[in-house]
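Have a look at the structure below before the remarks.
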Amino acid sequence: MRIKMKRNIFKRYKWSVGVLAAAFSLTFTSCSDFFNPDTDDQVSDKHYISENTEMYTGFVGLLTKMQAIGDKEILLTDTRAEFIEPTKNAGTDLWSLYQYADNLQGNEYASPAAYYELILACNDYLHKVKEFRKMPQVDDEICQNLISSTIRIKAWTYKTIGEIYGEAAWIDEPVGSVDAFLAQARNHVIPMNQVIDKCLNLMEAGYDGVKSDRVVDWIAWLDPTNVTNIAASPFRKWNYIVPTYEGVYSELCLWKGAYLDADNGVGNEPAKVYYKTAADLLLKALNVYINNESFSGNNPYWCPNAGTKGRYSSLWQSQEPYAPENVCAILYDYNQGQTNSLVEHFNSDTPAKYLLKPSETGMDNFTNPDKNPGGSTSETRFKNLVGKSADGYYIAKYRQNGGRNGIRANAYQADVHIYIYRSTQYHLMLCEALNQLNRFSALNSVLNSGMTGEKVDELVANDDSIKAGKPIKYPEWEGFTRNWTSSAEWGTRKYPDTGIRGAYELSARQIETGNNPAQMQAAKRSNDIQIMKEAEMEFSCEGKTYPWMNRVAVRYKDRGIVADEICPKYETRGLAAQVRAAIMNGANWVKYHL
């Protein structure tokens, strides 16, 4: 039967949570198979978009493959980064990662096969939907939404591969199996700088005439009766799933700027174009929520504020991603057989295996004034990151021992969500861009002190100028609005922006400036390292810190930046010199030959 798809398709085909959950299960790979995918499996039958429901289940198949790699970057990179070390229960593969072993071939954690399964599935899906669009009476708007979402999944996946391995095998053609894909891919390996260019080109060019920035409102699509009552919709979580355009594209711009800085010197004009693009995109995205009056009260969205400290635990303790902080996340549902292995690795209560734990040095970083000025073990982030049981210290971020307020009371309920992007990540990415744009006052406010004092008057004056059709008076604050302050346009705001560190009542990080080119470059390097250290405090065990270190190292052509952050963890085992030598020799990227 040929598809005759109308906008009212869901009046003819009733979709429910159960149907979509079943769709998830069609292609879901169990937790035990996450790092050992069956590479002989065909990703899809050549006719899988021959009936209407197949177009949707095909896309859901991409999401299940995202689930299968959700924990991979965390386990692979954080084990080698500044915070985590293996326990006595860990196997050889984890110890090899931790010790920066020369040969990681065959290591179950190091294999990139699961990432390439997702790339292959994206290529196959794009090809099939392109053919599907030629069919009569197809709702092309829906097709374009799915294509746009798939482009972002593909770009995000390739970015992630590059962040881990420093290279990737780029193939756009659909290939029948992962084995065939990898056989072909071995001849298409390109270095990270070219991966970034390919990703940027993909997102800029789109696919089959479709742009990469289209947004799918799953509630409007699958549950239109609840468009005005989102909380009642079982599909509200679906709006979180696909990596966002501004998140992926901005991060790619930061990487591109870093490579241009490495080639042409920090502060070159071509790089600034990318940093400005990132800053503009991130501010535009943040302003969607910060400028929204309905989010201005006790629970403001996407804005570090006086309420953040008291609600930080909600990021990890809720069954769903915490909306005021969540940008997009990979979701799991234990009741549908969807799990990841973070609890298995991090926790000690049965049947978790307690394979990885916080290092002493990693925990001490939170009280080290160089790493975390004014920090203490009572800091909110530390208390949610580290717990202690009879087995010793454990990583509590994803599940505290004994359950969390009745949520996932048992360790086998390992359906914790994994954030792709958080709003604080947007703020820190913005800090990185502002630093390279010489906007040091704005950087200091976003990172440290928030929008207070004279900044309020300046932001109000800028808004007044824009409303009057005049140029803004204070270029430093381009893209910010008065709604970041206590003088919001709808009246006194209860929770204005306080800065990332201000939200936790922590001492400010030192932000440098400069009066000449040499001083400016030194200031930017110092500020970059301060931003990177804040990322370490904020994103421990989230798979985000090691890529951040590598990006800073690329920008200044200095792998010592990575080694300086990581090697103190290895001093008690007498491995610091060995690990430093490995990093300086290129092991800041995982070496794994396809």
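The way I read the labels, and the way they are meant: chains A, B, ... in the order of the structure tokens, residue 1 as the first residue of every chain, and ligand 1 as the first ligand shown, with later ones counted on from there.
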
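Secondary structure of stretch 153-360 of chain A, strand (DSSP E or B) only (DSSP, backbone atoms): A:Glu167, A:Ala168, A:Ala169, A:Ser177, A:Val189, A:Ile190, A:Pro191, A:Tyr207, A:Val210, A:Asn326, A:Val327, A:Cys328, A:Ala329, A:Ile330, A:Leu356, A:Lys357, A:Pro358.
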
For the selection you just gave me, I'd like the residues written to a file as a short mmCIF file (atom, residue, chain, number, x, y, z; two decimals), in the first residue's frame, keeping all heavy atoms.
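Now in out39.cif:
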```cif
data_model
loop_
_atom_site.label_atom_id
_atom_site.label_comp_id
_atom_site.auth_asym_id
_atom_site.auth_seq_id
_atom_site.Cartn_x
_atom_site.Cartn_y
_atom_site.Cartn_z
N GLU A 167 39.95 11.91 14.86
CA GLU A 167 39.76 11.63 13.45
C GLU A 167 38.45 10.87 13.29
O GLU A 167 37.84 10.43 14.27
CB GLU A 167 40.92 10.78 12.90
CG GLU A 167 41.04 9.42 13.58
CD GLU A 167 42.25 8.62 13.12
OE1 GLU A 167 43.19 9.23 12.54
OE2 GLU A 167 42.27 7.38 13.31
N ALA A 168 38.00 10.73 12.06
CA ALA A 168 36.79 9.96 11.78
C ALA A 168 36.80 9.52 10.33
O ALA A 168 37.43 10.15 9.47
CB ALA A 168 35.54 10.79 12.07
N ALA A 169 36.11 8.44 10.06
CA ALA A 169 35.94 7.96 8.69
C ALA A 169 34.64 8.55 8.15
O ALA A 169 33.56 8.21 8.65
CB ALA A 169 35.90 6.44 8.65
N SER A 177 25.76 -3.03 5.63
CA SER A 177 26.02 -3.50 6.98
C SER A 177 27.17 -2.71 7.58
O SER A 177 27.93 -2.05 6.86
CB SER A 177 26.37 -5.00 6.98
OG SER A 177 27.63 -5.20 6.37
N VAL A 189 39.38 7.97 6.28
CA VAL A 189 39.68 8.57 7.58
C VAL A 189 40.29 9.95 7.38
O VAL A 189 41.24 10.12 6.61
CB VAL A 189 40.63 7.68 8.39
CG1 VAL A 189 41.01 8.36 9.71
CG2 VAL A 189 39.98 6.33 8.68
N ILE A 190 39.72 10.93 8.07
CA ILE A 190 40.20 12.31 7.98
C ILE A 190 40.46 12.83 9.39
O ILE A 190 39.83 12.39 10.36
CB ILE A 190 39.20 13.23 7.26
CG1 ILE A 190 37.82 13.19 7.93
CG2 ILE A 190 39.10 12.85 5.78
CD1 ILE A 190 36.80 14.13 7.31
N PRO A 191 41.40 13.79 9.56
CA PRO A 191 41.70 14.32 10.90
C PRO A 191 40.58 15.21 11.42
O PRO A 191 39.71 15.66 10.66
CB PRO A 191 42.99 15.11 10.68
CG PRO A 191 42.96 15.49 9.24
CD PRO A 191 42.29 14.36 8.53
N TYR A 207 20.36 18.73 3.40
CA TYR A 207 20.28 17.51 2.61
C TYR A 207 18.98 17.53 1.80
O TYR A 207 17.92 17.81 2.33
CB TYR A 207 20.30 16.28 3.52
CG TYR A 207 20.23 14.96 2.78
CD1 TYR A 207 21.39 14.38 2.25
CD2 TYR A 207 19.02 14.31 2.59
CE1 TYR A 207 21.33 13.17 1.57
CE2 TYR A 207 18.95 13.10 1.92
CZ TYR A 207 20.11 12.54 1.40
OH TYR A 207 20.06 11.34 0.72
N VAL A 210 16.84 20.45 2.27
CA VAL A 210 16.27 20.66 3.59
C VAL A 210 17.33 21.24 4.51
O VAL A 210 18.45 20.74 4.59
CB VAL A 210 15.75 19.33 4.19
CG1 VAL A 210 15.17 19.57 5.59
CG2 VAL A 210 14.68 18.74 3.27
N ASN A 326 17.56 21.58 31.19
CA ASN A 326 17.72 20.67 30.06
C ASN A 326 17.55 21.37 28.72
O ASN A 326 16.60 22.12 28.50
CB ASN A 326 16.70 19.53 30.15
CG ASN A 326 16.74 18.64 28.92
OD1 ASN A 326 17.79 18.13 28.53
ND2 ASN A 326 15.59 18.49 28.28
N VAL A 327 18.49 21.14 27.81
CA VAL A 327 18.36 21.55 26.42
C VAL A 327 17.94 20.35 25.59
O VAL A 327 16.95 20.37 24.88
CB VAL A 327 19.67 22.16 25.89
CG1 VAL A 327 19.54 22.50 24.40
CG2 VAL A 327 20.03 23.41 26.68
N CYS A 328 18.72 19.28 25.66
CA CYS A 328 18.34 18.03 25.01
C CYS A 328 19.05 16.89 25.71
O CYS A 328 20.12 17.07 26.29
CB CYS A 328 18.65 18.04 23.51
SG CYS A 328 20.32 18.56 23.08
N ALA A 329 18.44 15.72 25.68
CA ALA A 329 18.96 14.60 26.45
C ALA A 329 18.58 13.29 25.79
O ALA A 329 17.56 13.19 25.09
CB ALA A 329 18.43 14.64 27.88
N ILE A 330 19.42 12.28 26.03
CA ILE A 330 19.10 10.91 25.60
C ILE A 330 18.30 10.28 26.73
O ILE A 330 18.73 10.26 27.89
CB ILE A 330 20.37 10.10 25.33
CG1 ILE A 330 21.19 10.78 24.22
CG2 ILE A 330 20.04 8.68 24.92
CD1 ILE A 330 22.54 10.15 23.97
N LEU A 356 34.04 1.95 38.60
CA LEU A 356 34.75 3.23 38.54
C LEU A 356 34.37 4.07 39.77
O LEU A 356 33.23 3.99 40.25
CB LEU A 356 34.38 3.99 37.26
CG LEU A 356 34.80 3.33 35.95
CD1 LEU A 356 34.12 4.01 34.76
CD2 LEU A 356 36.32 3.36 35.78
N LYS A 357 35.32 4.86 40.24
CA LYS A 357 35.07 5.66 41.45
C LYS A 357 35.79 7.00 41.33
O LYS A 357 36.65 7.19 40.46
CB LYS A 357 35.58 4.91 42.67
CG LYS A 357 37.09 4.74 42.70
CD LYS A 357 37.56 4.02 43.96
CE LYS A 357 39.08 3.88 44.00
NZ LYS A 357 39.55 3.22 45.24
N PRO A 358 35.46 7.96 42.20
CA PRO A 358 36.19 9.23 42.21
C PRO A 358 37.62 9.01 42.71
O PRO A 358 37.85 8.25 43.66
CB PRO A 358 35.40 10.10 43.19
CG PRO A 358 34.13 9.36 43.46
CD PRO A 358 34.39 7.93 43.21
#
```

Checklist entry - Which polymer residues have any atom within 9 Å of an atom of stretch 118-121 of chain A, counting only C-alpha atoms, with same-chain residues fewer than 3 positions away left out, as a PyMOL selection string? => result chain A and resi 43-44+58+61-63+65-66+69+113-115+124-126+153-154+157-158+171-178+181

With N, CA, C and O atoms retained, export the selected residues as a compact mmCIF listing (two decimals), in the first residue's frame.
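Dumped to again_7.txt:
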```txt
# COMPACT_ATOMS: atom_id res chain seq x y z
N VAL A 43 21.22 -2.75 9.01
CA VAL A 43 20.57 -1.66 9.74
C VAL A 43 19.10 -1.58 9.36
O VAL A 43 18.25 -1.32 10.17
N SER A 44 18.79 -1.81 8.11
CA SER A 44 17.39 -1.72 7.70
C SER A 44 17.19 -2.46 6.40
O SER A 44 18.10 -2.63 5.60
N GLY A 58 11.46 3.99 11.53
CA GLY A 58 12.82 4.13 11.03
C GLY A 58 13.56 5.24 11.75
O GLY A 58 14.72 5.09 12.13
N GLY A 61 14.34 4.29 15.19
CA GLY A 61 15.51 3.42 15.19
C GLY A 61 16.80 4.20 15.36
O GLY A 61 17.74 3.72 16.01
N LEU A 62 16.86 5.40 14.80
CA LEU A 62 18.04 6.25 15.01
C LEU A 62 18.17 6.62 16.48
O LEU A 62 19.28 6.64 17.04
N LEU A 63 17.05 6.91 17.11
CA LEU A 63 17.09 7.31 18.51
C LEU A 63 17.54 6.16 19.41
O LEU A 63 18.24 6.38 20.40
N LYS A 65 19.63 3.89 18.57
CA LYS A 65 21.08 3.79 18.39
C LYS A 65 21.80 4.91 19.14
O LYS A 65 22.94 4.74 19.57
N MET A 66 21.14 6.06 19.30
CA MET A 66 21.69 7.10 20.18
C MET A 66 21.70 6.61 21.63
O MET A 66 22.66 6.86 22.36
N ILE A 69 24.76 4.55 22.45
CA ILE A 69 26.07 5.20 22.60
C ILE A 69 26.05 6.28 23.67
O ILE A 69 27.07 6.93 23.89
N ALA A 113 32.74 1.20 16.87
CA ALA A 113 31.76 0.56 15.98
C ALA A 113 30.34 1.05 16.21
O ALA A 113 29.58 1.27 15.26
N ALA A 114 29.95 1.24 17.49
CA ALA A 114 28.57 1.65 17.77
C ALA A 114 28.28 3.05 17.22
O ALA A 114 27.14 3.33 16.80
N TYR A 115 29.28 3.94 17.21
CA TYR A 115 29.09 5.26 16.61
C TYR A 115 28.87 5.14 15.11
O TYR A 115 28.02 5.83 14.54
N ASP A 124 21.54 5.77 5.71
CA ASP A 124 20.51 4.92 5.12
C ASP A 124 19.14 5.59 5.21
O ASP A 124 18.37 5.61 4.24
N TYR A 125 18.86 6.18 6.37
CA TYR A 125 17.56 6.82 6.57
C TYR A 125 17.39 8.03 5.65
O TYR A 125 16.34 8.22 5.03
N LEU A 126 18.42 8.87 5.54
CA LEU A 126 18.34 10.03 4.66
C LEU A 126 18.08 9.61 3.22
O LEU A 126 17.28 10.23 2.52
N ILE A 153 21.59 14.78 14.08
CA ILE A 153 22.08 13.57 14.74
C ILE A 153 23.40 13.14 14.11
O ILE A 153 24.36 12.80 14.80
N LYS A 154 23.46 13.18 12.78
CA LYS A 154 24.69 12.77 12.09
C LYS A 154 25.85 13.71 12.42
O LYS A 154 26.96 13.25 12.72
N THR A 157 27.01 13.16 15.97
CA THR A 157 27.73 11.89 16.11
C THR A 157 29.14 11.99 15.56
O THR A 157 30.11 11.54 16.20
N TYR A 158 29.29 12.61 14.39
CA TYR A 158 30.63 12.77 13.83
C TYR A 158 31.49 13.69 14.71
O TYR A 158 32.69 13.46 14.89
N ILE A 171 31.80 8.99 5.55
CA ILE A 171 31.10 8.38 4.42
C ILE A 171 29.67 8.89 4.42
O ILE A 171 29.01 8.90 5.46
N ASP A 172 29.19 9.29 3.26
CA ASP A 172 27.82 9.78 3.14
C ASP A 172 26.89 8.76 2.50
O ASP A 172 25.66 8.89 2.61
N GLU A 173 27.44 7.77 1.82
CA GLU A 173 26.61 6.83 1.09
C GLU A 173 26.03 5.77 2.03
O GLU A 173 26.68 5.35 2.98
N PRO A 174 24.82 5.30 1.73
CA PRO A 174 24.26 4.18 2.49
C PRO A 174 24.99 2.89 2.13
O PRO A 174 25.29 2.64 0.97
N VAL A 175 25.32 2.09 3.12
CA VAL A 175 26.01 0.82 2.92
C VAL A 175 25.24 -0.23 3.71
O VAL A 175 24.73 0.05 4.79
N GLY A 176 25.20 -1.46 3.20
CA GLY A 176 24.29 -2.46 3.75
C GLY A 176 24.52 -2.86 5.19
O GLY A 176 23.57 -3.06 5.93
N SER A 177 25.76 -3.03 5.63
CA SER A 177 26.02 -3.50 6.98
C SER A 177 27.17 -2.71 7.58
O SER A 177 27.93 -2.05 6.86
N VAL A 178 27.33 -2.80 8.89
CA VAL A 178 28.41 -2.09 9.54
C VAL A 178 29.76 -2.64 9.11
O VAL A 178 30.72 -1.90 8.94
N PHE A 181 30.45 -1.13 5.89
CA PHE A 181 30.71 0.28 6.10
C PHE A 181 32.15 0.49 6.59
O PHE A 181 32.88 1.33 6.08
```

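The nearest approach to A:Thr367 among the residues A:Met537, A:Ile418, A:Leu459, A:Leu331, with only C-alpha atoms taken into account, belongs to A:Met537.
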
Item to check | Spatial neighbours of A:Glu379, 12 Å, only C-alpha atoms, chain gap at least 6 places, as a PyMOL selection string | outcome: chain A and resi 309-310+312-313+363+365-367+372-373+385-386+501+503-507+537-538

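The residue set within 10 Å of A:Asn444, counting only C-alpha atoms and dropping same-chain residues fewer than 6 places from it, reads Cys431, Leu434, Asn435, Gly450, Met451, Gly499, Ile500, Ala508, Arg509, Gln510, Ile511, Glu512 and Asn527 of chain A.
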
For the residues in that selection, give me N, CA and C atoms as an mmCIF file, in the first residue's frame.
```cif
data_model
loop_
_atom_site.group_PDB
_atom_site.id
_atom_site.type_symbol
_atom_site.label_atom_id
_atom_site.label_comp_id
_atom_site.auth_asym_id
_atom_site.auth_seq_id
_atom_site.Cartn_x
_atom_site.Cartn_y
_atom_site.Cartn_z
ATOM 1 N N CYS A 431 30.829 31.707 27.213
ATOM 2 C CA CYS A 431 32.027 32.294 27.821
ATOM 3 C C CYS A 431 33.244 32.100 26.929
ATOM 4 N N LEU A 434 32.944 34.531 24.020
ATOM 5 C CA LEU A 434 33.139 35.921 24.462
ATOM 6 C C LEU A 434 34.607 36.216 24.726
ATOM 7 N N ASN A 435 35.314 35.269 25.297
ATOM 8 C CA ASN A 435 36.736 35.451 25.572
ATOM 9 C C ASN A 435 37.511 35.716 24.285
ATOM 10 N N GLY A 450 27.265 37.622 37.283
ATOM 11 C CA GLY A 450 25.915 37.872 36.814
ATOM 12 C C GLY A 450 25.678 39.309 36.369
ATOM 13 N N MET A 451 24.422 39.630 36.129
ATOM 14 C CA MET A 451 24.048 40.930 35.559
ATOM 15 C C MET A 451 23.529 41.842 36.662
ATOM 16 N N GLY A 499 25.306 34.697 37.245
ATOM 17 C CA GLY A 499 26.565 34.102 36.828
ATOM 18 C C GLY A 499 26.631 32.651 37.274
ATOM 19 N N ILE A 500 27.427 31.854 36.579
ATOM 20 C CA ILE A 500 27.498 30.427 36.895
ATOM 21 C C ILE A 500 28.026 30.215 38.306
ATOM 22 N N ALA A 508 34.830 34.346 42.689
ATOM 23 C CA ALA A 508 34.989 34.566 41.248
ATOM 24 C C ALA A 508 36.314 34.006 40.757
ATOM 25 N N ARG A 509 36.313 33.522 39.535
ATOM 26 C CA ARG A 509 37.555 33.171 38.858
ATOM 27 C C ARG A 509 38.190 34.443 38.306
ATOM 28 N N GLN A 510 39.508 34.476 38.290
ATOM 29 C CA GLN A 510 40.221 35.647 37.798
ATOM 30 C C GLN A 510 40.103 35.738 36.281
ATOM 31 N N ILE A 511 39.583 36.846 35.796
ATOM 32 C CA ILE A 511 39.485 37.098 34.361
ATOM 33 C C ILE A 511 40.486 38.187 33.994
ATOM 34 N N GLU A 512 41.364 37.854 33.060
ATOM 35 C CA GLU A 512 42.431 38.762 32.651
ATOM 36 C C GLU A 512 42.022 39.571 31.429
ATOM 37 N N ASN A 527 42.241 32.968 30.582
ATOM 38 C CA ASN A 527 40.783 32.898 30.722
ATOM 39 C C ASN A 527 40.240 31.579 30.209
#
```

Checklist entry - Near A:Gln578, within 10 Å and counting only C-alpha atoms, which residues show up once chain neighbours fewer than 5 positions away are dropped, as a PyMOL selection string? => result chain A and resi 99-101+567+570+583

How about saving the chosen residues, N, CA, C and O atoms kept, as a PDB file, in the first residue's frame?
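Written out: part.pdb:
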```pdb
ATOM      1  N   GLN A  99      45.269   3.772  32.190  1.00  0.00           N
ATOM      2  CA  GLN A  99      46.726   3.838  32.165  1.00  0.00           C
ATOM      3  C   GLN A  99      47.276   4.304  30.816  1.00  0.00           C
ATOM      4  O   GLN A  99      48.492   4.279  30.619  1.00  0.00           O
ATOM      5  N   TYR A 100      46.418   4.731  29.925  1.00  0.00           N
ATOM      6  CA  TYR A 100      46.849   5.210  28.611  1.00  0.00           C
ATOM      7  C   TYR A 100      47.707   4.148  27.897  1.00  0.00           C
ATOM      8  O   TYR A 100      48.787   4.424  27.401  1.00  0.00           O
ATOM      9  N   ALA A 101      47.174   2.925  27.861  1.00  0.00           N
ATOM     10  CA  ALA A 101      47.896   1.834  27.209  1.00  0.00           C
ATOM     11  C   ALA A 101      48.150   2.162  25.740  1.00  0.00           C
ATOM     12  O   ALA A 101      47.333   2.823  25.086  1.00  0.00           O
ATOM     13  N   CYS A 567      47.385  14.738  34.909  1.00  0.00           N
ATOM     14  CA  CYS A 567      48.475  13.979  35.528  1.00  0.00           C
ATOM     15  C   CYS A 567      48.471  13.957  37.056  1.00  0.00           C
ATOM     16  O   CYS A 567      48.911  12.956  37.649  1.00  0.00           O
ATOM     17  N   TYR A 570      47.405  10.785  38.659  1.00  0.00           N
ATOM     18  CA  TYR A 570      48.232   9.583  38.526  1.00  0.00           C
ATOM     19  C   TYR A 570      49.460   9.583  39.444  1.00  0.00           C
ATOM     20  O   TYR A 570      50.217   8.613  39.468  1.00  0.00           O
ATOM     21  N   ILE A 583      50.372  11.635  26.593  1.00  0.00           N
ATOM     22  CA  ILE A 583      49.539  12.747  26.135  1.00  0.00           C
ATOM     23  C   ILE A 583      50.334  13.657  25.199  1.00  0.00           C
ATOM     24  O   ILE A 583      49.847  14.055  24.127  1.00  0.00           O
TER      25      ILE A 583
END
```

Please list as a CSV table (one decimal) with all heavy atoms, in the first residue's frame every residue within 7 Å of stretch 277-291 of chain A, counting only C-alpha atoms and excluding residues in the same chain fewer than 6 positions away.
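Below is the file part.csv, written as the result:
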```
chain,number,residue,atom,x,y,z
A,246,GLU,N,21.4,25.0,17.5
A,246,GLU,CA,22.3,25.9,18.1
A,246,GLU,C,23.4,25.3,18.9
A,246,GLU,O,24.5,25.7,19.0
A,246,GLU,CB,21.6,27.0,18.9
A,246,GLU,CG,20.9,26.5,20.2
A,246,GLU,CD,19.5,26.0,20.0
A,246,GLU,OE1,19.1,25.9,18.8
A,246,GLU,OE2,18.9,25.6,21.0
A,250,SER,N,27.0,25.7,17.3
A,250,SER,CA,27.9,26.5,18.1
A,250,SER,C,29.1,25.8,18.5
A,250,SER,O,30.2,26.4,18.5
A,250,SER,CB,27.1,27.1,19.3
A,250,SER,OG,26.0,27.9,18.9
A,253,CYS,N,31.5,25.6,15.7
A,253,CYS,CA,32.1,26.9,15.5
A,253,CYS,C,33.3,27.1,16.5
A,253,CYS,O,34.3,27.6,16.1
A,253,CYS,CB,31.1,28.0,15.6
A,253,CYS,SG,30.0,28.2,14.2
A,254,LEU,N,33.1,26.6,17.8
A,254,LEU,CA,34.2,26.8,18.7
A,254,LEU,C,35.4,25.9,18.3
A,254,LEU,O,36.5,26.4,18.4
A,254,LEU,CB,33.7,26.4,20.1
A,254,LEU,CG,32.6,27.3,20.7
A,254,LEU,CD1,32.2,26.7,22.1
A,254,LEU,CD2,33.1,28.7,20.9
A,301,TYR,N,13.9,29.4,33.6
A,301,TYR,CA,14.6,28.5,32.8
A,301,TYR,C,15.9,29.0,32.2
A,301,TYR,O,15.9,30.2,31.8
A,301,TYR,CB,13.6,28.1,31.6
A,301,TYR,CG,12.5,27.1,32.0
A,301,TYR,CD1,12.1,26.9,33.3
A,301,TYR,CD2,11.9,26.3,31.0
A,301,TYR,CE1,11.1,26.0,33.7
A,301,TYR,CE2,10.9,25.5,31.3
A,301,TYR,CZ,10.5,25.3,32.7
A,301,TYR,OH,9.5,24.4,33.0
A,302,TRP,N,16.9,28.2,32.0
A,302,TRP,CA,18.1,28.4,31.3
A,302,TRP,C,18.8,29.7,31.8
A,302,TRP,O,19.4,30.4,31.0
A,302,TRP,CB,17.8,28.6,29.8
A,302,TRP,CG,17.4,27.3,29.1
A,302,TRP,CD1,16.8,26.2,29.8
A,302,TRP,CD2,17.4,26.9,27.8
A,302,TRP,NE1,16.6,25.2,28.9
A,302,TRP,CE2,16.9,25.6,27.6
A,302,TRP,CE3,17.9,27.6,26.6
A,302,TRP,CZ2,16.9,25.0,26.4
A,302,TRP,CZ3,17.8,27.0,25.4
A,302,TRP,CH2,17.3,25.7,25.3
A,303,CYS,N,18.8,29.9,33.1
A,303,CYS,CA,19.4,31.1,33.6
A,303,CYS,C,20.0,30.8,35.0
A,303,CYS,O,19.2,30.5,35.9
A,303,CYS,CB,18.4,32.2,33.7
A,303,CYS,SG,19.0,33.7,34.5
A,426,TYR,N,25.5,25.8,27.6
A,426,TYR,CA,25.4,26.9,26.7
A,426,TYR,C,26.1,28.2,27.3
A,426,TYR,O,26.8,28.9,26.5
A,426,TYR,CB,23.9,27.2,26.5
A,426,TYR,CG,23.3,26.4,25.4
A,426,TYR,CD1,23.8,25.2,24.9
A,426,TYR,CD2,22.1,26.9,24.8
A,426,TYR,CE1,23.2,24.5,23.9
A,426,TYR,CE2,21.5,26.2,23.8
A,426,TYR,CZ,22.0,25.0,23.3
A,426,TYR,OH,21.4,24.3,22.3
A,430,LEU,N,29.3,30.0,25.7
A,430,LEU,CA,29.2,31.4,25.4
A,430,LEU,C,30.4,32.1,26.0
A,430,LEU,O,31.0,33.0,25.4
A,430,LEU,CB,27.9,32.0,26.0
A,430,LEU,CG,27.7,33.5,25.9
A,430,LEU,CD1,27.7,34.0,24.5
A,430,LEU,CD2,26.4,33.9,26.6
A,433,ALA,N,33.4,31.7,23.7
A,433,ALA,CA,33.3,32.6,22.5
A,433,ALA,C,33.5,34.1,22.9
A,433,ALA,O,34.2,34.8,22.2
A,433,ALA,CB,31.9,32.5,21.9
A,434,LEU,N,32.9,34.5,24.0
A,434,LEU,CA,33.1,35.9,24.5
A,434,LEU,C,34.6,36.2,24.7
A,434,LEU,O,35.1,37.3,24.4
A,434,LEU,CB,32.3,36.2,25.7
A,434,LEU,CG,30.8,36.2,25.6
A,434,LEU,CD1,30.1,36.3,26.9
A,434,LEU,CD2,30.3,37.3,24.7
A,479,GLY,N,23.4,41.3,22.1
A,479,GLY,CA,22.8,40.0,22.2
A,479,GLY,C,22.1,39.7,23.5
A,479,GLY,O,21.2,38.9,23.7
A,480,PHE,N,22.6,40.4,24.6
A,480,PHE,CA,22.0,40.3,25.9
A,480,PHE,C,20.8,41.2,26.0
A,480,PHE,O,20.7,42.2,25.2
A,480,PHE,CB,23.0,40.7,27.0
A,480,PHE,CG,24.1,39.7,27.2
A,480,PHE,CD1,25.3,39.9,26.4
A,480,PHE,CD2,24.1,38.7,28.1
A,480,PHE,CE1,26.3,39.0,26.5
A,480,PHE,CE2,25.1,37.8,28.2
A,480,PHE,CZ,26.3,38.0,27.4
A,483,ASN,N,16.3,41.5,30.3
A,483,ASN,CA,15.6,40.4,31.0
A,483,ASN,C,16.6,39.5,31.7
A,483,ASN,O,16.2,38.6,32.5
A,483,ASN,CB,14.7,39.7,30.1
A,483,ASN,CG,13.6,40.5,29.5
A,483,ASN,OD1,13.0,41.4,30.3
A,483,ASN,ND2,13.2,40.4,28.3
A,484,TRP,N,17.9,39.7,31.5
A,484,TRP,CA,18.9,39.0,32.3
A,484,TRP,C,19.0,39.6,33.7
A,484,TRP,O,19.7,39.0,34.5
A,484,TRP,CB,20.2,39.0,31.6
A,484,TRP,CG,20.4,38.2,30.3
A,484,TRP,CD1,19.7,38.4,29.2
A,484,TRP,CD2,21.3,37.1,30.1
A,484,TRP,NE1,20.1,37.4,28.2
A,484,TRP,CE2,21.0,36.6,28.8
A,484,TRP,CE3,22.2,36.5,30.9
A,484,TRP,CZ2,21.8,35.6,28.2
A,484,TRP,CZ3,22.9,35.4,30.3
A,484,TRP,CH2,22.7,35.0,29.0
```

Item to check | DSSP helix (DSSP H, G or I) selection over stretch 165-304 of chain A, as a VMD selection string | outcome: chain A and resid 165 178 to 185 192 to 205 218 to 222 224 to 226 230 to 232 236 to 240 245 to 264 269 to 290 293 to 295

Checklist entry - If you count only C-alpha atoms, which residues fall within 12 Å of A:Glu344, apart from same-chain ones fewer than 2 positions away, as number ranges by chain? => result A: 31-32, 71, 75, 89-90, 339-342, 346-357, 394-396, 398-399, 401, 410-416

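If you look at atom CA of A:Trp95 and atom CA of A:Thr79, they are 8.9 Å away from each other.
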